[in-house]
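Student: Take this structure, written in structure tokens, and hold onto it; I'll ask about it next.
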Amino acid sequence: MRIKTLFIFSIFLHSSFLMSSANFGIAVHGGAGVMKNLSEDQKDKIEDKISKTLIEAFKILEQGGSSIDAVEFAVAELEDSPLFNAGRGSVYNSDEIQEMDASIMNGNDRSAGAVASIKKIKNPIKLARKVSELTEHVMLVGEGAEKFAMDAGLEIVDESYFYSEKNLKRLRKAKQKTASNTIVHDRIGTVGAVALDKNGNIAAGTSTGGMTNKMPGRVGDSPIIGSGTWAQNNVCGVSSTGHGEYFIKYQVAKEVCTRIEYLGKNLKESSETILMELEEIEAYGGLIAIDKDANVAAPFNTDGMIRGSITNKEELNVRIY
Ligand code: ASP
């Protein structure tokens with residue numbers, strides 16, 4: 001009897017040691033693109049927002065919270081900031097309307113939710129999670145998605161909440177320069193997060209206003225599971241940013257994990273080679289990724305990508321170039 005008790009106690013000690021020694025961490029991005037002209041003030045504000053968001057999201061993981069909660073929290077924080085092209089700071093389509101896309105995925109059971117072409121939901125990432133958890137579907141778009149958001153009790157805002165003179169000017173300037181319906185590679189970026197929690201669950205999420213001067217109704221890669229967002233326990237989690245049409249055609253987010261799973265590549269090799277291959281066909285962008293051991297990769301083939309990470313192994317690291 002005493003031996004049995006001792007045995008159970010030692011298993012308990014061993015498993016609690018394993019739990020406390022488990023790796024965990026989070027990475028976020030604020031878009032890839034032409035960052036050369038950012039002023040010092042803009043850089044400071046961006047770095048500050050990314051740092052604060054990471055620190056708060058990391059606390060969720062440290063306290064034993066789930067990766068999906070940390071991802072939702074981080075993406076929603078960035079959506080609330082006018083500094084990024086998602087939620088409040090979304091860019092305009094060619095009709096001077098902001099249409100937003102977002103997705104989230106839980107690598108634990110591959111549950112996923114996505115929304116596209118929505119106009120008045122304060123936090124598209126929260127709606128994507130509700131789609132995942134409360135419906136039998138993966139993606140809802142437009143008015144149907146907005147009606148569901150009301151039923152789900154999410155915050156609806158007036159379209160004026162998203163108004164941005166800067167983004168309107170950006171659109172009008174783009175229209176003068178380009179033939180109509182030519183999308184623009186924005187300097188401000190889509191946002192995303194990937195996380196691994198202490199239980200080994202990986203999650204990923206992405207949110208965007210898309211590309212300036214896009215056609216009304218155009219949907220990019222951000223809400224497409226496998227392109228903009230992918231999470232698979234024991235392999236990796238990815239959130240992409242860049243020229244969405246290519247990221248859809250090359251299934252970038254899933255491809256990073258597929259090469260790890262089937263080719264035995266590590267996270268760095270897998271994600272960097274994909275970005276190099278995209279560059280060869282003039283497809284520009286970047287991604288953030290985390291693997292089952294809390295290694296983080298953040299390759300890009302543009303002149304900058306707003307990014308940062310913090311894990312139990314590596315302290316806070318925030319960069320633009
Ligand atoms: N990937 C986004 C889209 O194509 C844009 C971006 O990441 O900058 O909608």
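Each chain of the structure tokens is named A, B, ... in the order shown, its residues numbered from 1; ligands are numbered from 1 in display order.
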With only C-alpha atoms as the counted atoms, please give the residues lying no more than 9 Å from stretch 36-44 of chain A, apart from itself and same-chain residues fewer than 3 positions off, as JSON, numbers by chain.
Tutor: {"A": [33, 47, 48, 49, 83, 187, 303, 304, 320, 321]}
Student: Save out the residues we just selected, N, CA and C atoms, as a PDB file, in the first residue's frame.
Tutor:
```
ATOM      1  N   GLY A  33       6.107  44.685 -45.518  1.00  0.00           N
ATOM      2  CA  GLY A  33       5.967  45.581 -46.668  1.00  0.00           C
ATOM      3  C   GLY A  33       7.081  46.591 -46.741  1.00  0.00           C
ATOM      4  N   GLU A  47       6.590  49.763 -32.092  1.00  0.00           N
ATOM      5  CA  GLU A  47       7.357  48.846 -31.229  1.00  0.00           C
ATOM      6  C   GLU A  47       6.765  48.783 -29.821  1.00  0.00           C
ATOM      7  N   ASP A  48       6.303  49.936 -29.365  1.00  0.00           N
ATOM      8  CA  ASP A  48       5.704  50.001 -28.048  1.00  0.00           C
ATOM      9  C   ASP A  48       4.428  49.145 -27.982  1.00  0.00           C
ATOM     10  N   LYS A  49       3.586  49.294 -29.013  1.00  0.00           N
ATOM     11  CA  LYS A  49       2.318  48.541 -29.022  1.00  0.00           C
ATOM     12  C   LYS A  49       2.576  47.038 -29.128  1.00  0.00           C
ATOM     13  N   LEU A  83      -2.702  51.795 -35.726  1.00  0.00           N
ATOM     14  CA  LEU A  83      -1.367  51.660 -36.330  1.00  0.00           C
ATOM     15  C   LEU A  83      -1.292  50.535 -37.360  1.00  0.00           C
ATOM     16  N   ARG A 187       2.026  49.885 -46.694  1.00  0.00           N
ATOM     17  CA  ARG A 187       3.136  49.980 -45.766  1.00  0.00           C
ATOM     18  C   ARG A 187       2.693  49.522 -44.377  1.00  0.00           C
ATOM     19  N   ASP A 303      11.182  44.673 -47.441  1.00  0.00           N
ATOM     20  CA  ASP A 303      12.278  45.323 -46.725  1.00  0.00           C
ATOM     21  C   ASP A 303      12.057  45.410 -45.211  1.00  0.00           C
ATOM     22  N   GLY A 304      10.885  45.017 -44.760  1.00  0.00           N
ATOM     23  CA  GLY A 304      10.666  44.956 -43.321  1.00  0.00           C
ATOM     24  C   GLY A 304       9.427  44.160 -42.986  1.00  0.00           C
ATOM     25  N   ILE A 320      11.504  45.556 -36.670  1.00  0.00           N
ATOM     26  CA  ILE A 320      10.795  45.957 -37.894  1.00  0.00           C
ATOM     27  C   ILE A 320      11.623  45.577 -39.127  1.00  0.00           C
ATOM     28  N   TYR A 321      12.946  45.749 -39.046  1.00  0.00           N
ATOM     29  CA  TYR A 321      13.775  45.478 -40.232  1.00  0.00           C
ATOM     30  C   TYR A 321      14.520  44.153 -40.106  1.00  0.00           C
TER      31      TYR A 321
END
```
Student: With only C-alpha atoms as the counted atoms, please give the residues lying no more than 9 Å from stretch 147-149 of chain A, apart from itself and same-chain residues fewer than 5 positions off, as a ChimeraX atom specification.
Tutor: /A:121,127,130-131,140,142,154-156
Student: Quick one: write out the picked residues with C-alpha atoms as an mmCIF file, in the first residue's frame?
Tutor:
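This is the output file again14.cif:
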```
data_model
loop_
_atom_site.group_PDB
_atom_site.id
_atom_site.type_symbol
_atom_site.label_atom_id
_atom_site.label_comp_id
_atom_site.auth_asym_id
_atom_site.auth_seq_id
_atom_site.Cartn_x
_atom_site.Cartn_y
_atom_site.Cartn_z
ATOM 1 C CA ILE A 121 -17.612 44.312 -36.149
ATOM 2 C CA LEU A 127 -16.115 36.820 -34.523
ATOM 3 C CA LYS A 130 -17.300 32.474 -32.347
ATOM 4 C CA VAL A 131 -17.797 30.960 -35.813
ATOM 5 C CA LEU A 140 -19.094 33.226 -42.661
ATOM 6 C CA GLY A 142 -20.693 39.701 -45.220
ATOM 7 C CA LEU A 154 -20.218 40.795 -30.128
ATOM 8 C CA GLU A 155 -19.501 44.506 -30.187
ATOM 9 C CA ILE A 156 -20.896 46.188 -33.300
#
```
Student: Write out as a PyMOL selection string which residues come within 12 Å of A:Glu272 when counting only C-alpha atoms, dropping same-chain ones fewer than 2 positions away.
Tutor: chain A and resi 252+255-256+259+265-270+274-279+285-289+296-301
Student: Would you list the contacts of A:Thr135 as a list in words, taking every protein, DNA or RNA residue within 12 Å and counting only C-alpha atoms, but skipping same-chain residues closer than 2 positions in sequence?
Tutor: Ser111, Ala112, Gly113, Ala114, Leu127, Ala128, Arg129, Lys130, Val131, Ser132, Glu133, His137, Val138, Met139, Leu140, Ala145, Phe148, Ala149, Asp151 and Ala152 of chain A
Student: Hey, which residues sit close to ligand 1? Say within 9 Å, counting only C-alpha atoms and all ligand atoms, and write them as a compact mmCIF listing (two decimals) with all heavy atoms, in the first residue's frame.
Tutor:
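Contents of the output file part_16.txt:
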```
# COMPACT_ATOMS: atom_id res chain seq x y z
N GLY A 30 2.86 42.53 -37.41
CA GLY A 30 2.02 43.68 -37.75
C GLY A 30 2.19 44.01 -39.21
O GLY A 30 2.11 45.17 -39.61
N GLY A 31 2.44 42.96 -40.02
CA GLY A 31 2.49 43.13 -41.46
C GLY A 31 3.89 43.28 -42.04
O GLY A 31 4.81 43.72 -41.35
N ALA A 32 4.01 42.86 -43.29
CA ALA A 32 5.29 42.98 -44.00
C ALA A 32 5.08 43.94 -45.17
O ALA A 32 4.00 44.01 -45.74
CB ALA A 32 5.71 41.62 -44.54
N GLY A 33 6.11 44.69 -45.52
CA GLY A 33 5.97 45.58 -46.67
C GLY A 33 7.08 46.59 -46.74
O GLY A 33 8.17 46.38 -46.21
N ASN A 85 -3.14 47.55 -40.16
CA ASN A 85 -4.21 47.37 -41.14
C ASN A 85 -5.09 46.17 -40.75
O ASN A 85 -5.04 45.11 -41.36
CB ASN A 85 -3.56 47.15 -42.52
CG ASN A 85 -4.56 46.74 -43.57
OD1 ASN A 85 -5.77 46.93 -43.42
ND2 ASN A 85 -4.07 46.18 -44.67
N MET A 100 -13.27 43.79 -43.87
CA MET A 100 -12.26 43.08 -43.07
C MET A 100 -12.40 41.57 -43.11
O MET A 100 -13.50 41.05 -43.22
CB MET A 100 -12.38 43.55 -41.62
CG MET A 100 -11.93 44.98 -41.44
SD MET A 100 -12.78 45.73 -40.03
CE MET A 100 -13.71 47.00 -40.85
N ASP A 101 -11.25 40.91 -42.99
CA ASP A 101 -11.19 39.44 -43.00
C ASP A 101 -10.38 38.98 -41.77
O ASP A 101 -9.42 39.65 -41.39
CB ASP A 101 -10.42 38.92 -44.22
CG ASP A 101 -10.93 39.46 -45.55
OD1 ASP A 101 -12.13 39.76 -45.65
OD2 ASP A 101 -10.10 39.57 -46.49
N HIS A 185 0.52 47.54 -52.44
CA HIS A 185 1.27 46.89 -51.36
C HIS A 185 1.41 47.91 -50.24
O HIS A 185 2.23 48.81 -50.31
CB HIS A 185 2.63 46.41 -51.85
CG HIS A 185 2.48 45.37 -52.90
ND1 HIS A 185 2.30 44.04 -52.60
CD2 HIS A 185 2.41 45.47 -54.23
CE1 HIS A 185 2.15 43.36 -53.72
NE2 HIS A 185 2.22 44.21 -54.72
N ASP A 186 0.59 47.76 -49.22
CA ASP A 186 0.55 48.76 -48.16
C ASP A 186 1.77 48.72 -47.26
O ASP A 186 2.39 47.69 -47.08
CB ASP A 186 -0.69 48.53 -47.29
CG ASP A 186 -1.93 48.93 -48.03
OD1 ASP A 186 -2.07 50.12 -48.31
OD2 ASP A 186 -2.74 48.03 -48.34
N ARG A 187 2.03 49.88 -46.69
CA ARG A 187 3.14 49.98 -45.77
C ARG A 187 2.69 49.52 -44.38
O ARG A 187 3.45 48.96 -43.62
CB ARG A 187 3.59 51.43 -45.72
CG ARG A 187 5.02 51.59 -45.38
CD ARG A 187 5.40 53.02 -45.50
NE ARG A 187 4.69 53.81 -44.53
CZ ARG A 187 4.60 55.12 -44.58
NH1 ARG A 187 5.15 55.79 -45.58
NH2 ARG A 187 3.97 55.79 -43.66
N ILE A 188 1.43 49.80 -44.07
CA ILE A 188 0.95 49.35 -42.77
C ILE A 188 0.40 47.94 -42.94
O ILE A 188 0.01 47.55 -44.02
CB ILE A 188 -0.12 50.27 -42.17
CG1 ILE A 188 -1.38 50.29 -43.02
CG2 ILE A 188 0.44 51.65 -41.95
CD1 ILE A 188 -2.55 50.88 -42.28
N GLY A 189 0.39 47.20 -41.84
CA GLY A 189 0.16 45.78 -42.07
C GLY A 189 -0.94 45.08 -41.34
O GLY A 189 -1.43 45.49 -40.29
N THR A 190 -1.27 44.00 -41.97
CA THR A 190 -2.10 42.95 -41.40
C THR A 190 -1.51 42.53 -40.04
O THR A 190 -0.31 42.69 -39.83
CB THR A 190 -2.02 41.76 -42.39
OG1 THR A 190 -2.65 42.16 -43.59
CG2 THR A 190 -2.62 40.49 -41.87
N VAL A 191 -2.34 41.97 -39.17
CA VAL A 191 -1.79 41.51 -37.89
C VAL A 191 -2.04 40.01 -37.71
O VAL A 191 -2.96 39.45 -38.31
CB VAL A 191 -2.40 42.29 -36.70
CG1 VAL A 191 -2.21 43.78 -36.88
CG2 VAL A 191 -3.88 41.96 -36.50
N THR A 206 -5.15 35.48 -37.63
CA THR A 206 -4.73 36.56 -38.54
C THR A 206 -5.92 37.47 -38.79
O THR A 206 -7.06 37.00 -38.85
CB THR A 206 -4.26 35.95 -39.89
OG1 THR A 206 -3.35 34.89 -39.63
CG2 THR A 206 -3.57 36.99 -40.76
N SER A 207 -5.67 38.78 -38.93
CA SER A 207 -6.76 39.72 -39.18
C SER A 207 -6.28 40.85 -40.07
O SER A 207 -5.14 41.32 -39.91
CB SER A 207 -7.26 40.28 -37.84
OG SER A 207 -8.33 41.18 -38.03
N THR A 208 -7.12 41.29 -41.00
CA THR A 208 -6.67 42.30 -41.96
C THR A 208 -7.81 43.13 -42.54
O THR A 208 -8.97 42.70 -42.53
CB THR A 208 -5.93 41.61 -43.14
OG1 THR A 208 -5.29 42.60 -43.94
CG2 THR A 208 -6.88 40.82 -44.01
N GLY A 209 -7.43 44.29 -43.06
CA GLY A 209 -8.35 45.08 -43.88
C GLY A 209 -8.09 44.79 -45.35
O GLY A 209 -8.73 45.37 -46.23
N GLY A 210 -7.12 43.90 -45.62
CA GLY A 210 -6.84 43.52 -47.01
C GLY A 210 -5.83 44.45 -47.66
O GLY A 210 -4.87 44.85 -47.01
N MET A 211 -6.06 44.78 -48.92
CA MET A 211 -5.12 45.63 -49.64
C MET A 211 -5.84 46.87 -50.16
O MET A 211 -6.96 46.78 -50.68
CB MET A 211 -4.48 44.85 -50.78
CG MET A 211 -3.61 43.70 -50.25
SD MET A 211 -2.97 42.62 -51.52
CE MET A 211 -1.33 43.30 -51.76
N THR A 212 -5.18 48.02 -50.03
CA THR A 212 -5.76 49.27 -50.51
C THR A 212 -6.13 49.15 -51.99
O THR A 212 -5.36 48.61 -52.78
CB THR A 212 -4.72 50.41 -50.33
OG1 THR A 212 -4.52 50.62 -48.94
CG2 THR A 212 -5.20 51.71 -50.97
N LYS A 214 -8.39 47.33 -53.30
CA LYS A 214 -8.86 46.00 -53.73
C LYS A 214 -10.29 46.14 -54.28
O LYS A 214 -11.01 47.09 -53.93
CB LYS A 214 -8.83 45.03 -52.54
CG LYS A 214 -9.80 45.37 -51.41
CD LYS A 214 -9.68 44.43 -50.21
CE LYS A 214 -10.64 44.81 -49.11
NZ LYS A 214 -10.57 43.97 -47.92
N ARG A 218 -13.41 41.49 -52.68
CA ARG A 218 -12.17 40.68 -52.77
C ARG A 218 -11.82 40.12 -51.38
O ARG A 218 -11.86 40.82 -50.39
CB ARG A 218 -11.02 41.56 -53.29
CG ARG A 218 -9.65 40.87 -53.34
CD ARG A 218 -8.82 41.16 -52.10
NE ARG A 218 -7.45 40.62 -52.22
CZ ARG A 218 -6.58 40.61 -51.22
NH1 ARG A 218 -6.91 41.11 -50.04
NH2 ARG A 218 -5.38 40.13 -51.39
N VAL A 219 -11.46 38.86 -51.34
CA VAL A 219 -11.02 38.24 -50.08
C VAL A 219 -9.60 37.72 -50.29
O VAL A 219 -9.32 37.05 -51.28
CB VAL A 219 -11.96 37.08 -49.68
CG1 VAL A 219 -11.45 36.38 -48.43
CG2 VAL A 219 -13.38 37.60 -49.44
N GLY A 220 -8.72 38.06 -49.35
CA GLY A 220 -7.32 37.63 -49.47
C GLY A 220 -7.06 36.33 -48.73
O GLY A 220 -7.97 35.54 -48.46
N ASP A 221 -5.82 36.14 -48.37
CA ASP A 221 -5.41 34.89 -47.71
C ASP A 221 -5.71 34.84 -46.21
O ASP A 221 -5.82 33.76 -45.63
CB ASP A 221 -3.90 34.67 -47.89
CG ASP A 221 -3.10 35.80 -47.27
OD1 ASP A 221 -3.51 36.97 -47.42
OD2 ASP A 221 -2.07 35.53 -46.62
N SER A 222 -5.83 36.03 -45.60
CA SER A 222 -5.89 36.06 -44.12
C SER A 222 -7.01 35.20 -43.52
O SER A 222 -6.80 34.57 -42.49
CB SER A 222 -6.01 37.50 -43.63
OG SER A 222 -4.97 38.26 -44.18
N PRO A 223 -8.21 35.16 -44.15
CA PRO A 223 -9.25 34.31 -43.55
C PRO A 223 -9.24 32.89 -44.12
O PRO A 223 -10.13 32.11 -43.79
CB PRO A 223 -10.53 35.03 -43.95
CG PRO A 223 -10.22 35.59 -45.29
CD PRO A 223 -8.74 35.95 -45.27
N GLY A 228 -3.54 31.85 -44.83
CA GLY A 228 -3.16 32.93 -43.91
C GLY A 228 -2.91 32.41 -42.50
O GLY A 228 -2.13 33.00 -41.76
N SER A 240 0.37 34.37 -41.79
CA SER A 240 1.07 35.00 -42.92
C SER A 240 0.63 36.43 -43.13
O SER A 240 -0.44 36.85 -42.69
CB SER A 240 0.75 34.27 -44.23
OG SER A 240 0.78 32.91 -44.09
N THR A 241 1.44 37.15 -43.88
CA THR A 241 1.09 38.49 -44.33
C THR A 241 1.78 38.75 -45.66
O THR A 241 2.89 38.29 -45.87
CB THR A 241 1.51 39.57 -43.29
OG1 THR A 241 1.30 40.86 -43.88
CG2 THR A 241 2.96 39.45 -42.87
N GLY A 242 1.09 39.46 -46.53
CA GLY A 242 1.70 39.74 -47.83
C GLY A 242 0.66 39.72 -48.93
O GLY A 242 -0.54 39.86 -48.66
N HIS A 243 1.12 39.52 -50.16
CA HIS A 243 0.23 39.56 -51.32
C HIS A 243 -0.65 38.31 -51.32
O HIS A 243 -0.26 37.23 -51.76
CB HIS A 243 1.08 39.63 -52.59
CG HIS A 243 0.29 40.02 -53.79
ND1 HIS A 243 0.83 40.66 -54.86
CD2 HIS A 243 -1.03 39.88 -54.07
CE1 HIS A 243 -0.12 40.89 -55.77
NE2 HIS A 243 -1.25 40.42 -55.30
N GLY A 244 -1.88 38.49 -50.79
CA GLY A 244 -2.75 37.37 -50.47
C GLY A 244 -3.01 36.38 -51.58
O GLY A 244 -3.11 35.17 -51.34
N GLU A 245 -3.12 36.87 -52.81
CA GLU A 245 -3.45 35.97 -53.92
C GLU A 245 -2.38 34.87 -54.03
O GLU A 245 -2.70 33.70 -54.23
CB GLU A 245 -3.57 36.76 -55.23
CG GLU A 245 -4.90 37.50 -55.42
CD GLU A 245 -5.15 38.66 -54.43
OE1 GLU A 245 -4.22 39.10 -53.75
OE2 GLU A 245 -6.31 39.11 -54.35
N TYR A 246 -1.12 35.24 -53.88
CA TYR A 246 -0.04 34.22 -53.94
C TYR A 246 -0.07 33.31 -52.73
O TYR A 246 0.19 32.12 -52.83
CB TYR A 246 1.33 34.91 -54.02
CG TYR A 246 1.58 35.56 -55.35
CD1 TYR A 246 1.40 36.93 -55.52
CD2 TYR A 246 1.99 34.80 -56.44
CE1 TYR A 246 1.63 37.53 -56.73
CE2 TYR A 246 2.23 35.40 -57.67
CZ TYR A 246 2.04 36.76 -57.81
OH TYR A 246 2.26 37.35 -59.02
N PHE A 247 -0.36 33.90 -51.57
CA PHE A 247 -0.36 33.08 -50.36
C PHE A 247 -1.50 32.05 -50.39
O PHE A 247 -1.40 31.00 -49.78
CB PHE A 247 -0.44 33.97 -49.10
CG PHE A 247 0.89 34.58 -48.74
CD1 PHE A 247 1.47 35.57 -49.53
CD2 PHE A 247 1.60 34.14 -47.63
CE1 PHE A 247 2.72 36.12 -49.22
CE2 PHE A 247 2.84 34.68 -47.30
CZ PHE A 247 3.40 35.66 -48.10
N ILE A 248 -2.55 32.38 -51.14
CA ILE A 248 -3.62 31.39 -51.32
C ILE A 248 -3.14 30.31 -52.30
O ILE A 248 -3.23 29.11 -52.02
CB ILE A 248 -4.92 32.04 -51.87
CG1 ILE A 248 -5.53 33.00 -50.84
CG2 ILE A 248 -5.93 30.97 -52.27
CD1 ILE A 248 -6.71 33.82 -51.34
N GLY A 285 5.98 39.16 -49.07
CA GLY A 285 5.33 39.08 -47.76
C GLY A 285 6.22 38.42 -46.73
O GLY A 285 7.45 38.39 -46.88
N GLY A 286 5.59 37.88 -45.70
CA GLY A 286 6.34 37.22 -44.64
C GLY A 286 5.40 36.40 -43.78
O GLY A 286 4.20 36.31 -44.07
```
Student: Would you give me, as a PyMOL selection string, the residues in stretch 60-308 of chain A that DSSP reads as strand (DSSP E)?
Tutor: chain A and resi 100-106+111-118+139-141+191-196+202-208+229-232+236-242+285-291+296-297+304-308
Student: Keeping only C-alpha atoms, write the selected residues as a short mmCIF file (atom, residue, chain, number, x, y, z; two decimals), in the first residue's frame.
Tutor:
```cif
data_model
loop_
_atom_site.label_atom_id
_atom_site.label_comp_id
_atom_site.auth_asym_id
_atom_site.auth_seq_id
_atom_site.Cartn_x
_atom_site.Cartn_y
_atom_site.Cartn_z
CA MET A 100 -12.26 43.08 -43.07
CA ASP A 101 -11.19 39.44 -43.00
CA ALA A 102 -9.94 37.28 -40.11
CA SER A 103 -9.37 33.69 -39.09
CA ILE A 104 -8.32 31.64 -36.08
CA MET A 105 -7.33 28.00 -35.66
CA ASN A 106 -6.81 25.68 -32.72
CA SER A 111 -11.18 23.61 -35.09
CA ALA A 112 -11.16 26.81 -37.09
CA GLY A 113 -13.29 29.88 -37.75
CA ALA A 114 -13.09 32.65 -40.31
CA VAL A 115 -14.96 35.74 -41.45
CA ALA A 116 -14.64 37.80 -44.60
CA SER A 117 -15.92 41.08 -46.03
CA ILE A 118 -17.29 42.34 -42.73
CA MET A 139 -16.34 30.61 -42.65
CA LEU A 140 -19.09 33.23 -42.66
CA VAL A 141 -19.05 36.29 -44.90
CA VAL A 191 -1.79 41.51 -37.89
CA GLY A 192 -1.38 37.96 -36.65
CA ALA A 193 -0.32 35.82 -33.71
CA VAL A 194 0.87 32.28 -33.10
CA ALA A 195 1.23 30.67 -29.68
CA LEU A 196 2.15 27.46 -27.89
CA ILE A 202 -0.68 25.50 -30.74
CA ALA A 203 -3.00 28.23 -32.04
CA ALA A 204 -2.80 30.84 -34.78
CA GLY A 205 -4.86 33.84 -35.90
CA THR A 206 -4.73 36.56 -38.54
CA SER A 207 -6.76 39.72 -39.18
CA THR A 208 -6.67 42.30 -41.96
CA THR A 229 -3.54 30.83 -40.78
CA TRP A 230 -2.66 27.28 -39.78
CA ALA A 231 -2.23 25.50 -36.42
CA GLN A 232 -1.34 21.86 -35.92
CA CYS A 236 3.61 24.25 -35.95
CA GLY A 237 1.40 27.33 -36.06
CA VAL A 238 1.66 30.01 -38.76
CA SER A 239 0.21 33.44 -39.54
CA SER A 240 1.07 35.00 -42.92
CA THR A 241 1.09 38.49 -44.33
CA GLY A 242 1.70 39.74 -47.83
CA GLY A 285 5.33 39.08 -47.76
CA GLY A 286 6.34 37.22 -44.64
CA LEU A 287 5.11 35.02 -41.85
CA ILE A 288 5.52 34.18 -38.19
CA ALA A 289 5.65 30.60 -36.99
CA ILE A 290 6.07 28.69 -33.74
CA ASP A 291 6.79 24.98 -33.32
CA VAL A 296 10.01 30.95 -33.41
CA ALA A 297 10.72 31.89 -37.04
CA GLY A 304 10.67 44.96 -43.32
CA MET A 305 8.11 43.11 -41.24
CA ILE A 306 6.77 44.28 -37.91
CA ARG A 307 7.27 41.33 -35.60
CA GLY A 308 8.03 40.25 -32.06
#
```
Student: Based on DSSP run over this structure's backbone, return all residues of stretch 147-317 of chain A in helix (DSSP H, G or I), as a PyMOL selection string.
Tutor: chain A and resi 147-151+159-162+165-177+244-249+252-263+267-280
Student: Which value, in Å to one decimal, gives the distance between atom CA of A:Lys122 and atom CA of A:Val157?
Tutor: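 We find that atom CA of A:Lys122 and atom CA of A:Val157 lie 5.9 Å from each other.
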Student: Give me, as a list in words, all polymer residues having an atom no more than 9 Å from A:Phe58, counting only C-alpha atoms and skipping those fewer than 3 positions away in the same chain.
Tutor: Phe24, Gly25, Ile26, Thr53, Leu54, Ile55, Leu61, Glu62, Gln63, Ala70, Ile310 and Thr311 of chain A
Student: Write out, as a short mmCIF file (atom, residue, chain, number, x, y, z; two decimals), in the first residue's frame, the residues just selected, with all heavy atoms.
Tutor:
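Now in again_29.cif:
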```cif
data_model
loop_
_atom_site.label_atom_id
_atom_site.label_comp_id
_atom_site.auth_asym_id
_atom_site.auth_seq_id
_atom_site.Cartn_x
_atom_site.Cartn_y
_atom_site.Cartn_z
N PHE A 24 6.69 27.20 -23.81
CA PHE A 24 5.53 27.96 -24.26
C PHE A 24 5.98 29.34 -24.74
O PHE A 24 7.09 29.79 -24.40
CB PHE A 24 4.48 28.09 -23.14
CG PHE A 24 4.99 28.78 -21.89
CD1 PHE A 24 4.73 30.13 -21.67
CD2 PHE A 24 5.72 28.08 -20.95
CE1 PHE A 24 5.19 30.76 -20.53
CE2 PHE A 24 6.19 28.71 -19.80
CZ PHE A 24 5.93 30.05 -19.59
N GLY A 25 5.15 29.98 -25.54
CA GLY A 25 5.53 31.30 -26.03
C GLY A 25 4.56 31.82 -27.08
O GLY A 25 3.63 31.12 -27.49
N ILE A 26 4.80 33.05 -27.48
CA ILE A 26 3.91 33.71 -28.45
C ILE A 26 4.73 34.60 -29.38
O ILE A 26 5.74 35.19 -28.98
CB ILE A 26 2.80 34.51 -27.73
CG1 ILE A 26 1.89 35.20 -28.76
CG2 ILE A 26 3.36 35.54 -26.74
CD1 ILE A 26 0.49 35.48 -28.27
N THR A 53 1.65 44.36 -26.11
CA THR A 53 0.73 43.27 -26.46
C THR A 53 1.36 41.92 -26.15
O THR A 53 0.73 41.03 -25.58
CB THR A 53 0.36 43.37 -27.96
OG1 THR A 53 -0.25 44.64 -28.18
CG2 THR A 53 -0.58 42.27 -28.39
N LEU A 54 2.63 41.77 -26.52
CA LEU A 54 3.31 40.50 -26.28
C LEU A 54 3.43 40.20 -24.78
O LEU A 54 3.20 39.07 -24.35
CB LEU A 54 4.71 40.53 -26.90
CG LEU A 54 4.77 40.24 -28.40
CD1 LEU A 54 6.15 40.59 -28.95
CD2 LEU A 54 4.43 38.78 -28.69
N ILE A 55 3.77 41.22 -24.02
CA ILE A 55 3.95 41.01 -22.57
C ILE A 55 2.63 40.55 -21.93
O ILE A 55 2.59 39.60 -21.15
CB ILE A 55 4.50 42.29 -21.90
CG1 ILE A 55 5.96 42.49 -22.35
CG2 ILE A 55 4.39 42.22 -20.38
CD1 ILE A 55 6.54 43.85 -22.05
N LEU A 61 -0.28 32.91 -21.02
CA LEU A 61 0.36 31.58 -21.16
C LEU A 61 1.09 31.19 -19.87
O LEU A 61 1.02 30.04 -19.44
CB LEU A 61 1.34 31.60 -22.33
CG LEU A 61 0.73 31.90 -23.70
CD1 LEU A 61 1.83 32.10 -24.73
CD2 LEU A 61 -0.20 30.77 -24.14
N GLU A 62 1.76 32.15 -19.29
CA GLU A 62 2.51 31.90 -18.05
C GLU A 62 1.60 31.40 -16.94
O GLU A 62 1.95 30.53 -16.16
CB GLU A 62 3.13 33.22 -17.60
CG GLU A 62 4.60 33.16 -17.41
CD GLU A 62 5.14 34.57 -17.11
OE1 GLU A 62 4.36 35.56 -17.06
OE2 GLU A 62 6.33 34.66 -16.92
N GLN A 63 0.39 31.99 -16.92
CA GLN A 63 -0.56 31.60 -15.86
C GLN A 63 -1.32 30.32 -16.20
O GLN A 63 -2.30 29.97 -15.55
CB GLN A 63 -1.54 32.75 -15.62
CG GLN A 63 -0.87 33.94 -14.94
CD GLN A 63 -1.64 35.25 -15.11
OE1 GLN A 63 -2.74 35.26 -15.66
NE2 GLN A 63 -1.06 36.35 -14.66
N ALA A 70 -4.58 33.38 -25.85
CA ALA A 70 -3.47 34.33 -26.02
C ALA A 70 -3.49 34.92 -27.43
O ALA A 70 -3.28 36.13 -27.63
CB ALA A 70 -2.14 33.63 -25.75
N ILE A 310 8.07 36.34 -27.60
CA ILE A 310 8.55 36.12 -26.24
C ILE A 310 8.19 34.68 -25.88
O ILE A 310 7.07 34.24 -26.11
CB ILE A 310 7.96 37.18 -25.27
CG1 ILE A 310 8.37 36.90 -23.83
CG2 ILE A 310 6.48 37.27 -25.34
CD1 ILE A 310 8.07 38.09 -22.90
N THR A 311 9.17 33.95 -25.39
CA THR A 311 8.91 32.56 -25.01
C THR A 311 9.56 32.30 -23.66
O THR A 311 10.29 33.16 -23.14
CB THR A 311 9.52 31.56 -26.04
OG1 THR A 311 10.94 31.57 -25.90
CG2 THR A 311 9.14 31.90 -27.47
#
```
Student: Quick one: residues within 8 Å of A:Asp80, only C-alpha atoms counted, chain neighbours fewer than 2 positions away excluded, as a list of chain:residue names?
Tutor: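 Surrounding residues, per the criterion: A:Ala76, A:Glu77, A:Leu78, A:Pro82, A:Gly87, A:Arg88, A:Gly89, A:Lys122, A:Asn123.
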Student: Which residue out of A:Gly107, A:Gly264, A:Gly226, A:Gly144 has the minimum interatomic distance to A:Gln251 when only C-alpha atoms are used?
Tutor: A:Gly226
Student: In Å to one decimal, how far is atom CA of A:Asn213 from atom CA of A:Ser160?
Tutor: 18.9 Å
